[in-house]
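Here the structure is laid out as structure tokens; the discussion comes afterwards.
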Amino acid sequence: MTKADWRRTIRLAESGEGAGWAVEIIDQTKLPFVFEIATLTHMDEAAHAISSMQVRGAPLIGVTAAYGMALAMNRDSSGAAIEAAYDELLSTRPTAVNLKWALDRMKAALLPIGHNARRAEAYRLAGEMAEEDAALCSAIGDHGLTLLQEIAARKGGAPVQVLTHCNAGALATIDWGTATAPIYKAQAMGLPVHVWVDETRPRNQGASLTAWELGEHAVPHTVIADNAGGHLMQHGQVDLCIVGSDRTTAAGDVCNKIGTYLKALAAKDNDVPFYVALPSSTIDWAIEDGLADIPIEERAAEEVSEMSGLTADGAVTRVRVMPPASPAANPAFDVTPARLVTGLITERGIAKASKAGLAEVFPEKAKRP
Ligand code: MRU
């Protein structure tokens, strides 16, 4: 992988000792200041890459876990190794359901086949999931593009103003992103777009990742403090919000990065359409009540009490931003109730955020009454 083709965010090494089996990722903890590839050679390294957020974003977490299983099979293809890798990888992060979705799929494919076939099958299936995710995100882009086109048609050449939260971009997926896919498709066809990028405290995925990748694509964008979105909406400066999701229930409740709910409230109050872009691998068909049933990751207090950034002499450093004795809490996700969501942009089209709406688009997945 090189910086020139970064949008394929996970792949097998093509040269060197790990050619054909080691897994290359972008170390997202280093962005936006340093672009660095990390090579994973062991399942433990894949688990660490997910828990330390070298890779993050629901779809990319899932595919990294799938490759983690392949790395486990590279060393030991016993049934015990499958179970151990499943448990270790599943414990890395609790909220994004794509992780379990990917691991369940790997386990179901590997356990019934002979030991000798498992290694090759694990790599094949992980690769297939990566390809699939890229195709799903591209399809999400096509469906979301229609929304941008409708707004553009009304605006007579003025840019369509999109607000997004966190990073649901190519960096969070295998290619295209979910929330960014319609934006990249619009940009490619010459539709004027401008993106308001929520900085997304505490880890700043908006400021450091979304802004970076929009910059790489030359998409006009402006980073705003998380608290600015409501004000912009009140003043007619946001045409629509598009965010991603880590887990969406069968009834359309959306769990996403902390702060998403507040944007949905502000959007509702200002009649700004609030869309969520997600592949079906992010839908948890087993649950309906997002507030009751989705585990919310609580991350380290230091992510709130400290920030990192670039100093004037070019070094990246961390600083404390609050009194040393004050405690901090860090819930990493929140749930936006379906009633605040205008629509779910999926690979099959735009669904209403409701049980009936999702069942209409994914009839084979919805539970029968
Ligand atoms: O904690 P993160 O950075 O993994 O959270 C990411 C998000 O909340 C994204 O919006 C979500 O995973 C969707 S990615 C297409």
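Lettering and numbering for the structure tokens are positional, with chains as A, B, ... in the shown order, residues counted from 1 in each chain, and ligands counted from 1 in the shown order.
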Contacts with ligand 1 at most 7 Å, only C-alpha atoms and all ligand atoms counted, listed as number ranges by chain: A: 53, 56-59, 96, 165-169, 172-173, 177-179, 205, 243-246, 256-257, 278, 332-333
Strand (DSSP E) residues, from DSSP on the backbone, in stretch 19-111 of chain A, as a list in words: Val23, Glu24, Ile25, Ile26, Ile37, Ala38, Thr39 and Leu40 of chain A
Contacts of stretch 41-48 of chain A within 8 Å, only C-alpha atoms, excl. fewer than 6 positions in-chain, as a PyMOL selection string: chain A and resi 18+21-23+64-65+67-72+85+88-89+92
Residues near stretch 115-123 of chain A, cut-off 9 Å, only C-alpha atoms, skip fewer than 2 positions along chain, as a list in words: Trp21, Ala66, Tyr67, Met69, Ala70, Leu71, Ala72, Met73, Asn74, Arg75, Asp76, Ser77, Ser78, Gly79, Met106, Ala109, Leu110, Leu111, Ile113, Leu125, Ala126, Gly127 and Glu128 of chain A
Point-to-point distance in Å for atom CA of A:Asn227 and atom CA of A:Ser305: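 Taking atom CA of A:Ser305 as the start and atom CA of A:Asn227 as the end point, the length is 17.9 Å.
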Residues of stretch 91-208 of chain A that approach stretch 348-366 of chain A to 8 Å or less, counting only C-alpha atoms: could you list each one with the shortest pair of atoms and its distance in Å to one decimal, rows by chain and increasing residue number, as JSON lines?
{"residue": "A:Ala139", "atom": "CA", "partner": "A:Arg348", "partner_atom": "CA", "distance": 7.4}
{"residue": "A:Ile140", "atom": "CA", "partner": "A:Gly349", "partner_atom": "CA", "distance": 7.3}
{"residue": "A:His143", "atom": "CA", "partner": "A:Gly349", "partner_atom": "CA", "distance": 5.7}
{"residue": "A:Gly144", "atom": "CA", "partner": "A:Ile350", "partner_atom": "CA", "distance": 7.8}
May I have the residues from that selection written out with N, CA and C atoms, as a PDB file, in the first residue's frame?
ATOM      1  N   ALA A 139     -22.526   1.457  -3.701  1.00  0.00           N
ATOM      2  CA  ALA A 139     -23.979   1.488  -3.942  1.00  0.00           C
ATOM      3  C   ALA A 139     -24.662   2.502  -3.018  1.00  0.00           C
ATOM      4  N   ILE A 140     -24.199   2.572  -1.759  1.00  0.00           N
ATOM      5  CA  ILE A 140     -24.728   3.594  -0.832  1.00  0.00           C
ATOM      6  C   ILE A 140     -24.503   4.979  -1.440  1.00  0.00           C
ATOM      7  N   HIS A 143     -27.095   5.743  -4.138  1.00  0.00           N
ATOM      8  CA  HIS A 143     -28.425   6.092  -3.614  1.00  0.00           C
ATOM      9  C   HIS A 143     -28.404   7.462  -2.922  1.00  0.00           C
ATOM     10  N   GLY A 144     -27.340   7.712  -2.160  1.00  0.00           N
ATOM     11  CA  GLY A 144     -27.242   8.994  -1.461  1.00  0.00           C
ATOM     12  C   GLY A 144     -27.074  10.153  -2.428  1.00  0.00           C
TER      13      GLY A 144
END
Residue with smallest distance to A:Ile345 - pool A:Val195, A:Leu136, A:Ala286, A:Arg201, counting only C-alpha atoms: A:Leu136
In stretch 22-264 of chain A, DSSP helix (DSSP H, G or I) residues written as a ChimeraX atom specification: /A:43-51,58-75,79-90,98-110,115-155,170-172,181-188,205-216,226-234,260-264
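Distance check against A:Ala251 using only C-alpha atoms: of A:Pro295, A:Gly190, A:Gly314, A:Gly290, the minimum falls on A:Gly290.
Atom CA of A:Leu90 to atom CA of A:Pro112 spans 20.2 Å [interatomic distance, one decimal].
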Contacts of A:Ala225 at 8 Å (only C-alpha atoms; same-chain gap of 4+ positions) as JSON, numbers by chain: {"A": [198, 199, 200, 229]}
Can you pull out every residue within 12 Å of A:Thr336, counting only C-alpha atoms, but drop anything in the same chain fewer than 5 positions away, and send it as a PDB file with all heavy atoms, in the first residue's frame?
ATOM      1  N   VAL A 243     -24.626  10.986   8.406  1.00  0.00           N
ATOM      2  CA  VAL A 243     -23.676  10.389   9.346  1.00  0.00           C
ATOM      3  C   VAL A 243     -23.627   8.884   9.092  1.00  0.00           C
ATOM      4  O   VAL A 243     -24.404   8.345   8.308  1.00  0.00           O
ATOM      5  CB  VAL A 243     -24.090  10.656  10.823  1.00  0.00           C
ATOM      6  CG1 VAL A 243     -24.186  12.148  11.105  1.00  0.00           C
ATOM      7  CG2 VAL A 243     -25.425   9.971  11.145  1.00  0.00           C
ATOM      8  N   GLY A 244     -22.702   8.204   9.778  1.00  0.00           N
ATOM      9  CA  GLY A 244     -22.620   6.749   9.679  1.00  0.00           C
ATOM     10  C   GLY A 244     -23.306   6.101  10.868  1.00  0.00           C
ATOM     11  O   GLY A 244     -24.027   6.751  11.634  1.00  0.00           O
ATOM     12  N   SER A 245     -23.060   4.810  11.039  1.00  0.00           N
ATOM     13  CA  SER A 245     -23.634   4.097  12.180  1.00  0.00           C
ATOM     14  C   SER A 245     -22.737   2.933  12.574  1.00  0.00           C
ATOM     15  O   SER A 245     -22.078   2.326  11.717  1.00  0.00           O
ATOM     16  CB  SER A 245     -25.028   3.569  11.824  1.00  0.00           C
ATOM     17  OG  SER A 245     -25.531   2.762  12.875  1.00  0.00           O
ATOM     18  N   ASP A 246     -22.711   2.648  13.857  1.00  0.00           N
ATOM     19  CA  ASP A 246     -21.994   1.482  14.362  1.00  0.00           C
ATOM     20  C   ASP A 246     -22.917   0.302  14.594  1.00  0.00           C
ATOM     21  O   ASP A 246     -22.496  -0.852  14.584  1.00  0.00           O
ATOM     22  CB  ASP A 246     -21.257   1.826  15.656  1.00  0.00           C
ATOM     23  CG  ASP A 246     -20.095   2.743  15.342  1.00  0.00           C
ATOM     24  OD1 ASP A 246     -20.325   3.954  15.217  1.00  0.00           O
ATOM     25  OD2 ASP A 246     -18.976   2.224  15.152  1.00  0.00           O
ATOM     26  N   ARG A 247     -24.163   0.612  14.857  1.00  0.00           N
ATOM     27  CA  ARG A 247     -25.179  -0.440  14.995  1.00  0.00           C
ATOM     28  C   ARG A 247     -26.546   0.212  14.860  1.00  0.00           C
ATOM     29  O   ARG A 247     -26.845   1.192  15.532  1.00  0.00           O
ATOM     30  CB  ARG A 247     -25.045  -1.112  16.370  1.00  0.00           C
ATOM     31  CG  ARG A 247     -25.819  -2.387  16.475  1.00  0.00           C
ATOM     32  CD  ARG A 247     -25.781  -2.993  17.868  1.00  0.00           C
ATOM     33  NE  ARG A 247     -24.495  -3.394  18.380  1.00  0.00           N
ATOM     34  CZ  ARG A 247     -24.268  -4.528  19.059  1.00  0.00           C
ATOM     35  NH1 ARG A 247     -25.252  -5.382  19.237  1.00  0.00           N
ATOM     36  NH2 ARG A 247     -23.073  -4.778  19.562  1.00  0.00           N
ATOM     37  N   THR A 248     -27.341  -0.324  13.961  1.00  0.00           N
ATOM     38  CA  THR A 248     -28.701   0.173  13.764  1.00  0.00           C
ATOM     39  C   THR A 248     -29.652  -0.973  14.055  1.00  0.00           C
ATOM     40  O   THR A 248     -29.418  -2.096  13.601  1.00  0.00           O
ATOM     41  CB  THR A 248     -28.863   0.703  12.317  1.00  0.00           C
ATOM     42  OG1 THR A 248     -28.101   1.914  12.203  1.00  0.00           O
ATOM     43  CG2 THR A 248     -30.301   1.011  11.963  1.00  0.00           C
ATOM     44  N   THR A 249     -30.686  -0.713  14.832  1.00  0.00           N
ATOM     45  CA  THR A 249     -31.580  -1.807  15.217  1.00  0.00           C
ATOM     46  C   THR A 249     -32.583  -2.108  14.098  1.00  0.00           C
ATOM     47  O   THR A 249     -32.767  -1.302  13.177  1.00  0.00           O
ATOM     48  CB  THR A 249     -32.366  -1.483  16.493  1.00  0.00           C
ATOM     49  OG1 THR A 249     -33.355  -0.481  16.182  1.00  0.00           O
ATOM     50  CG2 THR A 249     -31.454  -0.986  17.603  1.00  0.00           C
ATOM     51  N   ALA A 251     -35.534  -1.793  14.212  1.00  0.00           N
ATOM     52  CA  ALA A 251     -36.593  -0.778  14.212  1.00  0.00           C
ATOM     53  C   ALA A 251     -36.063   0.600  13.807  1.00  0.00           C
ATOM     54  O   ALA A 251     -36.788   1.596  13.867  1.00  0.00           O
ATOM     55  CB  ALA A 251     -37.238  -0.700  15.592  1.00  0.00           C
ATOM     56  N   GLY A 252     -34.783   0.674  13.433  1.00  0.00           N
ATOM     57  CA  GLY A 252     -34.245   1.921  12.891  1.00  0.00           C
ATOM     58  C   GLY A 252     -33.603   2.867  13.883  1.00  0.00           C
ATOM     59  O   GLY A 252     -33.222   3.986  13.522  1.00  0.00           O
ATOM     60  N   ASP A 253     -33.436   2.455  15.150  1.00  0.00           N
ATOM     61  CA  ASP A 253     -32.651   3.289  16.079  1.00  0.00           C
ATOM     62  C   ASP A 253     -31.184   3.221  15.649  1.00  0.00           C
ATOM     63  O   ASP A 253     -30.684   2.141  15.317  1.00  0.00           O
ATOM     64  CB  ASP A 253     -32.752   2.753  17.519  1.00  0.00           C
ATOM     65  CG  ASP A 253     -34.110   3.016  18.149  1.00  0.00           C
ATOM     66  OD1 ASP A 253     -34.901   3.779  17.569  1.00  0.00           O
ATOM     67  OD2 ASP A 253     -34.371   2.440  19.221  1.00  0.00           O
ATOM     68  N   VAL A 254     -30.508   4.365  15.709  1.00  0.00           N
ATOM     69  CA  VAL A 254     -29.146   4.434  15.171  1.00  0.00           C
ATOM     70  C   VAL A 254     -28.131   4.723  16.268  1.00  0.00           C
ATOM     71  O   VAL A 254     -28.194   5.768  16.927  1.00  0.00           O
ATOM     72  CB  VAL A 254     -29.045   5.549  14.105  1.00  0.00           C
ATOM     73  CG1 VAL A 254     -27.599   5.799  13.704  1.00  0.00           C
ATOM     74  CG2 VAL A 254     -29.878   5.182  12.884  1.00  0.00           C
ATOM     75  N   CYS A 255     -27.213   3.820  16.475  1.00  0.00           N
ATOM     76  CA  CYS A 255     -26.098   4.091  17.388  1.00  0.00           C
ATOM     77  C   CYS A 255     -24.911   4.564  16.565  1.00  0.00           C
ATOM     78  O   CYS A 255     -24.545   3.930  15.567  1.00  0.00           O
ATOM     79  CB  CYS A 255     -25.750   2.813  18.158  1.00  0.00           C
ATOM     80  SG  CYS A 255     -24.450   3.083  19.360  1.00  0.00           S
ATOM     81  N   ASN A 256     -24.354   5.683  16.945  1.00  0.00           N
ATOM     82  CA  ASN A 256     -23.181   6.212  16.233  1.00  0.00           C
ATOM     83  C   ASN A 256     -22.345   7.009  17.229  1.00  0.00           C
ATOM     84  O   ASN A 256     -22.680   7.119  18.422  1.00  0.00           O
ATOM     85  CB  ASN A 256     -23.630   7.078  15.045  1.00  0.00           C
ATOM     86  CG  ASN A 256     -22.473   7.433  14.121  1.00  0.00           C
ATOM     87  OD1 ASN A 256     -21.699   6.567  13.724  1.00  0.00           O
ATOM     88  ND2 ASN A 256     -22.331   8.701  13.783  1.00  0.00           N
ATOM     89  N   LYS A 257     -21.273   7.568  16.761  1.00  0.00           N
ATOM     90  CA  LYS A 257     -20.318   8.302  17.609  1.00  0.00           C
ATOM     91  C   LYS A 257     -21.023   9.309  18.513  1.00  0.00           C
ATOM     92  O   LYS A 257     -21.957  10.001  18.089  1.00  0.00           O
ATOM     93  CB  LYS A 257     -19.303   8.992  16.687  1.00  0.00           C
ATOM     94  CG  LYS A 257     -18.214   9.788  17.354  1.00  0.00           C
ATOM     95  CD  LYS A 257     -17.442   9.016  18.401  1.00  0.00           C
ATOM     96  CE  LYS A 257     -16.867   7.713  17.915  1.00  0.00           C
ATOM     97  NZ  LYS A 257     -16.292   6.877  19.005  1.00  0.00           N
ATOM     98  N   ILE A 258     -20.536   9.421  19.721  1.00  0.00           N
ATOM     99  CA  ILE A 258     -21.115  10.319  20.713  1.00  0.00           C
ATOM    100  C   ILE A 258     -21.291  11.731  20.107  1.00  0.00           C
ATOM    101  O   ILE A 258     -20.377  12.251  19.462  1.00  0.00           O
ATOM    102  CB  ILE A 258     -20.235  10.355  21.998  1.00  0.00           C
ATOM    103  CG1 ILE A 258     -20.963  11.009  23.150  1.00  0.00           C
ATOM    104  CG2 ILE A 258     -18.878  11.003  21.754  1.00  0.00           C
ATOM    105  CD1 ILE A 258     -21.962  10.113  23.802  1.00  0.00           C
ATOM    106  N   GLY A 259     -22.465  12.286  20.325  1.00  0.00           N
ATOM    107  CA  GLY A 259     -22.753  13.611  19.768  1.00  0.00           C
ATOM    108  C   GLY A 259     -23.683  13.562  18.567  1.00  0.00           C
ATOM    109  O   GLY A 259     -24.269  14.580  18.194  1.00  0.00           O
ATOM    110  N   THR A 260     -23.840  12.377  17.989  1.00  0.00           N
ATOM    111  CA  THR A 260     -24.723  12.249  16.824  1.00  0.00           C
ATOM    112  C   THR A 260     -26.161  12.624  17.204  1.00  0.00           C
ATOM    113  O   THR A 260     -26.865  13.337  16.474  1.00  0.00           O
ATOM    114  CB  THR A 260     -24.674  10.803  16.286  1.00  0.00           C
ATOM    115  OG1 THR A 260     -23.319  10.486  15.947  1.00  0.00           O
ATOM    116  CG2 THR A 260     -25.559  10.628  15.066  1.00  0.00           C
ATOM    117  N   TYR A 261     -26.587  12.143  18.379  1.00  0.00           N
ATOM    118  CA  TYR A 261     -27.961  12.403  18.849  1.00  0.00           C
ATOM    119  C   TYR A 261     -28.251  13.908  18.923  1.00  0.00           C
ATOM    120  O   TYR A 261     -29.310  14.383  18.482  1.00  0.00           O
ATOM    121  CB  TYR A 261     -28.121  11.730  20.215  1.00  0.00           C
ATOM    122  CG  TYR A 261     -29.355  12.089  20.987  1.00  0.00           C
ATOM    123  CD1 TYR A 261     -30.630  11.948  20.445  1.00  0.00           C
ATOM    124  CD2 TYR A 261     -29.254  12.564  22.307  1.00  0.00           C
ATOM    125  CE1 TYR A 261     -31.765  12.267  21.180  1.00  0.00           C
ATOM    126  CE2 TYR A 261     -30.380  12.882  23.045  1.00  0.00           C
ATOM    127  CZ  TYR A 261     -31.636  12.744  22.481  1.00  0.00           C
ATOM    128  OH  TYR A 261     -32.749  13.066  23.205  1.00  0.00           O
ATOM    129  N   LEU A 262     -27.294  14.669  19.450  1.00  0.00           N
ATOM    130  CA  LEU A 262     -27.524  16.118  19.569  1.00  0.00           C
ATOM    131  C   LEU A 262     -27.678  16.767  18.194  1.00  0.00           C
ATOM    132  O   LEU A 262     -28.459  17.715  18.023  1.00  0.00           O
ATOM    133  CB  LEU A 262     -26.368  16.772  20.339  1.00  0.00           C
ATOM    134  CG  LEU A 262     -26.272  16.388  21.819  1.00  0.00           C
ATOM    135  CD1 LEU A 262     -25.060  17.024  22.463  1.00  0.00           C
ATOM    136  CD2 LEU A 262     -27.551  16.801  22.551  1.00  0.00           C
ATOM    137  N   LYS A 263     -26.948  16.260  17.214  1.00  0.00           N
ATOM    138  CA  LYS A 263     -27.087  16.813  15.855  1.00  0.00           C
ATOM    139  C   LYS A 263     -28.456  16.467  15.283  1.00  0.00           C
ATOM    140  O   LYS A 263     -29.079  17.268  14.587  1.00  0.00           O
ATOM    141  CB  LYS A 263     -25.973  16.296  14.940  1.00  0.00           C
ATOM    142  CG  LYS A 263     -24.614  16.831  15.276  1.00  0.00           C
ATOM    143  CD  LYS A 263     -24.582  18.350  15.239  1.00  0.00           C
ATOM    144  CE  LYS A 263     -23.743  18.935  16.347  1.00  0.00           C
ATOM    145  NZ  LYS A 263     -22.326  18.755  16.170  1.00  0.00           N
ATOM    146  N   ALA A 264     -28.925  15.248  15.599  1.00  0.00           N
ATOM    147  CA  ALA A 264     -30.240  14.842  15.099  1.00  0.00           C
ATOM    148  C   ALA A 264     -31.336  15.708  15.730  1.00  0.00           C
ATOM    149  O   ALA A 264     -32.307  16.092  15.065  1.00  0.00           O
ATOM    150  CB  ALA A 264     -30.477  13.364  15.391  1.00  0.00           C
ATOM    151  N   LEU A 265     -31.180  16.034  17.016  1.00  0.00           N
ATOM    152  CA  LEU A 265     -32.159  16.911  17.684  1.00  0.00           C
ATOM    153  C   LEU A 265     -32.175  18.291  17.033  1.00  0.00           C
ATOM    154  O   LEU A 265     -33.242  18.852  16.751  1.00  0.00           O
ATOM    155  CB  LEU A 265     -31.804  17.061  19.162  1.00  0.00           C
ATOM    156  CG  LEU A 265     -32.148  15.909  20.095  1.00  0.00           C
ATOM    157  CD1 LEU A 265     -31.596  16.187  21.486  1.00  0.00           C
ATOM    158  CD2 LEU A 265     -33.659  15.693  20.154  1.00  0.00           C
ATOM    159  N   ALA A 266     -30.995  18.826  16.808  1.00  0.00           N
ATOM    160  CA  ALA A 266     -30.912  20.154  16.186  1.00  0.00           C
ATOM    161  C   ALA A 266     -31.491  20.115  14.772  1.00  0.00           C
ATOM    162  O   ALA A 266     -32.173  21.058  14.342  1.00  0.00           O
ATOM    163  CB  ALA A 266     -29.454  20.629  16.162  1.00  0.00           C
ATOM    164  N   ALA A 267     -31.227  19.030  14.060  1.00  0.00           N
ATOM    165  CA  ALA A 267     -31.748  18.906  12.688  1.00  0.00           C
ATOM    166  C   ALA A 267     -33.274  18.884  12.713  1.00  0.00           C
ATOM    167  O   ALA A 267     -33.943  19.560  11.921  1.00  0.00           O
ATOM    168  CB  ALA A 267     -31.181  17.648  12.024  1.00  0.00           C
ATOM    169  N   LYS A 268     -33.829  18.105  13.641  1.00  0.00           N
ATOM    170  CA  LYS A 268     -35.298  18.015  13.751  1.00  0.00           C
ATOM    171  C   LYS A 268     -35.896  19.402  14.015  1.00  0.00           C
ATOM    172  O   LYS A 268     -36.879  19.808  13.402  1.00  0.00           O
ATOM    173  CB  LYS A 268     -35.636  17.058  14.908  1.00  0.00           C
ATOM    174  CG  LYS A 268     -37.088  16.742  15.056  1.00  0.00           C
ATOM    175  CD  LYS A 268     -37.493  15.738  13.991  1.00  0.00           C
ATOM    176  CE  LYS A 268     -38.887  15.190  14.203  1.00  0.00           C
ATOM    177  NZ  LYS A 268     -39.212  14.246  13.122  1.00  0.00           N
ATOM    178  N   PHE A 274     -32.079  14.490   8.184  1.00  0.00           N
ATOM    179  CA  PHE A 274     -30.994  13.815   8.904  1.00  0.00           C
ATOM    180  C   PHE A 274     -30.932  12.364   8.411  1.00  0.00           C
ATOM    181  O   PHE A 274     -31.777  11.543   8.746  1.00  0.00           O
ATOM    182  CB  PHE A 274     -31.261  13.863  10.412  1.00  0.00           C
ATOM    183  CG  PHE A 274     -30.109  13.378  11.243  1.00  0.00           C
ATOM    184  CD1 PHE A 274     -29.124  14.252  11.673  1.00  0.00           C
ATOM    185  CD2 PHE A 274     -29.983  12.030  11.572  1.00  0.00           C
ATOM    186  CE1 PHE A 274     -28.036  13.805  12.423  1.00  0.00           C
ATOM    187  CE2 PHE A 274     -28.910  11.576  12.322  1.00  0.00           C
ATOM    188  CZ  PHE A 274     -27.940  12.468  12.748  1.00  0.00           C
ATOM    189  N   TYR A 275     -29.908  12.077   7.591  1.00  0.00           N
ATOM    190  CA  TYR A 275     -29.770  10.738   6.997  1.00  0.00           C
ATOM    191  C   TYR A 275     -28.618   9.970   7.640  1.00  0.00           C
ATOM    192  O   TYR A 275     -27.608  10.564   8.042  1.00  0.00           O
ATOM    193  CB  TYR A 275     -29.511  10.841   5.492  1.00  0.00           C
ATOM    194  CG  TYR A 275     -30.754  11.190   4.710  1.00  0.00           C
ATOM    195  CD1 TYR A 275     -31.056  12.511   4.393  1.00  0.00           C
ATOM    196  CD2 TYR A 275     -31.642  10.190   4.314  1.00  0.00           C
ATOM    197  CE1 TYR A 275     -32.214  12.840   3.701  1.00  0.00           C
ATOM    198  CE2 TYR A 275     -32.803  10.508   3.620  1.00  0.00           C
ATOM    199  CZ  TYR A 275     -33.087  11.824   3.307  1.00  0.00           C
ATOM    200  OH  TYR A 275     -34.226  12.134   2.626  1.00  0.00           O
ATOM    201  N   VAL A 276     -28.792   8.671   7.687  1.00  0.00           N
ATOM    202  CA  VAL A 276     -27.732   7.791   8.175  1.00  0.00           C
ATOM    203  C   VAL A 276     -27.378   6.840   7.037  1.00  0.00           C
ATOM    204  O   VAL A 276     -28.264   6.208   6.453  1.00  0.00           O
ATOM    205  CB  VAL A 276     -28.195   6.993   9.417  1.00  0.00           C
ATOM    206  CG1 VAL A 276     -27.063   6.098   9.904  1.00  0.00           C
ATOM    207  CG2 VAL A 276     -28.651   7.946  10.514  1.00  0.00           C
ATOM    208  N   ASP A 289     -34.782  -2.038  20.340  1.00  0.00           N
ATOM    209  CA  ASP A 289     -34.666  -0.853  21.196  1.00  0.00           C
ATOM    210  C   ASP A 289     -33.187  -0.493  21.395  1.00  0.00           C
ATOM    211  O   ASP A 289     -32.490  -1.097  22.201  1.00  0.00           O
ATOM    212  CB  ASP A 289     -35.346  -1.165  22.533  1.00  0.00           C
ATOM    213  CG  ASP A 289     -35.354   0.036  23.473  1.00  0.00           C
ATOM    214  OD1 ASP A 289     -34.590   0.995  23.224  1.00  0.00           O
ATOM    215  OD2 ASP A 289     -36.101   0.014  24.458  1.00  0.00           O
ATOM    216  N   GLY A 290     -32.742   0.510  20.658  1.00  0.00           N
ATOM    217  CA  GLY A 290     -31.322   0.861  20.698  1.00  0.00           C
ATOM    218  C   GLY A 290     -30.855   1.309  22.066  1.00  0.00           C
ATOM    219  O   GLY A 290     -29.755   0.981  22.501  1.00  0.00           O
ATOM    220  N   LEU A 291     -31.719   2.073  22.767  1.00  0.00           N
ATOM    221  CA  LEU A 291     -31.308   2.586  24.081  1.00  0.00           C
ATOM    222  C   LEU A 291     -31.128   1.447  25.078  1.00  0.00           C
ATOM    223  O   LEU A 291     -30.187   1.444  25.886  1.00  0.00           O
ATOM    224  CB  LEU A 291     -32.356   3.561  24.616  1.00  0.00           C
ATOM    225  CG  LEU A 291     -32.241   4.994  24.125  1.00  0.00           C
ATOM    226  CD1 LEU A 291     -33.373   5.829  24.685  1.00  0.00           C
ATOM    227  CD2 LEU A 291     -30.900   5.602  24.518  1.00  0.00           C
ATOM    228  N   ILE A 294     -28.171  -1.735  23.097  1.00  0.00           N
ATOM    229  CA  ILE A 294     -26.846  -1.582  22.470  1.00  0.00           C
ATOM    230  C   ILE A 294     -25.806  -1.251  23.532  1.00  0.00           C
ATOM    231  O   ILE A 294     -25.951  -0.267  24.267  1.00  0.00           O
ATOM    232  CB  ILE A 294     -26.851  -0.486  21.373  1.00  0.00           C
ATOM    233  CG1 ILE A 294     -27.852  -0.878  20.263  1.00  0.00           C
ATOM    234  CG2 ILE A 294     -25.443  -0.317  20.777  1.00  0.00           C
ATOM    235  CD1 ILE A 294     -27.961   0.118  19.134  1.00  0.00           C
ATOM    236  N   VAL A 341     -34.654  10.246  12.607  1.00  0.00           N
ATOM    237  CA  VAL A 341     -33.874   9.912  11.404  1.00  0.00           C
ATOM    238  C   VAL A 341     -34.779  10.014  10.175  1.00  0.00           C
ATOM    239  O   VAL A 341     -35.814   9.360  10.089  1.00  0.00           O
ATOM    240  CB  VAL A 341     -33.290   8.475  11.532  1.00  0.00           C
ATOM    241  CG1 VAL A 341     -32.536   8.092  10.256  1.00  0.00           C
ATOM    242  CG2 VAL A 341     -32.385   8.377  12.765  1.00  0.00           C
ATOM    243  N   THR A 342     -34.374  10.821   9.213  1.00  0.00           N
ATOM    244  CA  THR A 342     -35.187  11.005   8.005  1.00  0.00           C
ATOM    245  C   THR A 342     -35.165   9.754   7.138  1.00  0.00           C
ATOM    246  O   THR A 342     -36.169   9.370   6.538  1.00  0.00           O
ATOM    247  CB  THR A 342     -34.643  12.202   7.183  1.00  0.00           C
ATOM    248  OG1 THR A 342     -34.489  13.317   8.054  1.00  0.00           O
ATOM    249  CG2 THR A 342     -35.567  12.558   6.035  1.00  0.00           C
ATOM    250  N   ALA A 353     -36.618   4.851   8.569  1.00  0.00           N
ATOM    251  CA  ALA A 353     -36.030   4.356   9.814  1.00  0.00           C
ATOM    252  C   ALA A 353     -37.131   3.799  10.702  1.00  0.00           C
ATOM    253  O   ALA A 353     -37.560   4.432  11.659  1.00  0.00           O
ATOM    254  CB  ALA A 353     -35.262   5.469  10.508  1.00  0.00           C
TER     255      ALA A 353
END
Atomic distance atom CA of A:Pro94 - atom CA of A:Thr29, expressed in Å with one decimal: 19.3 Å
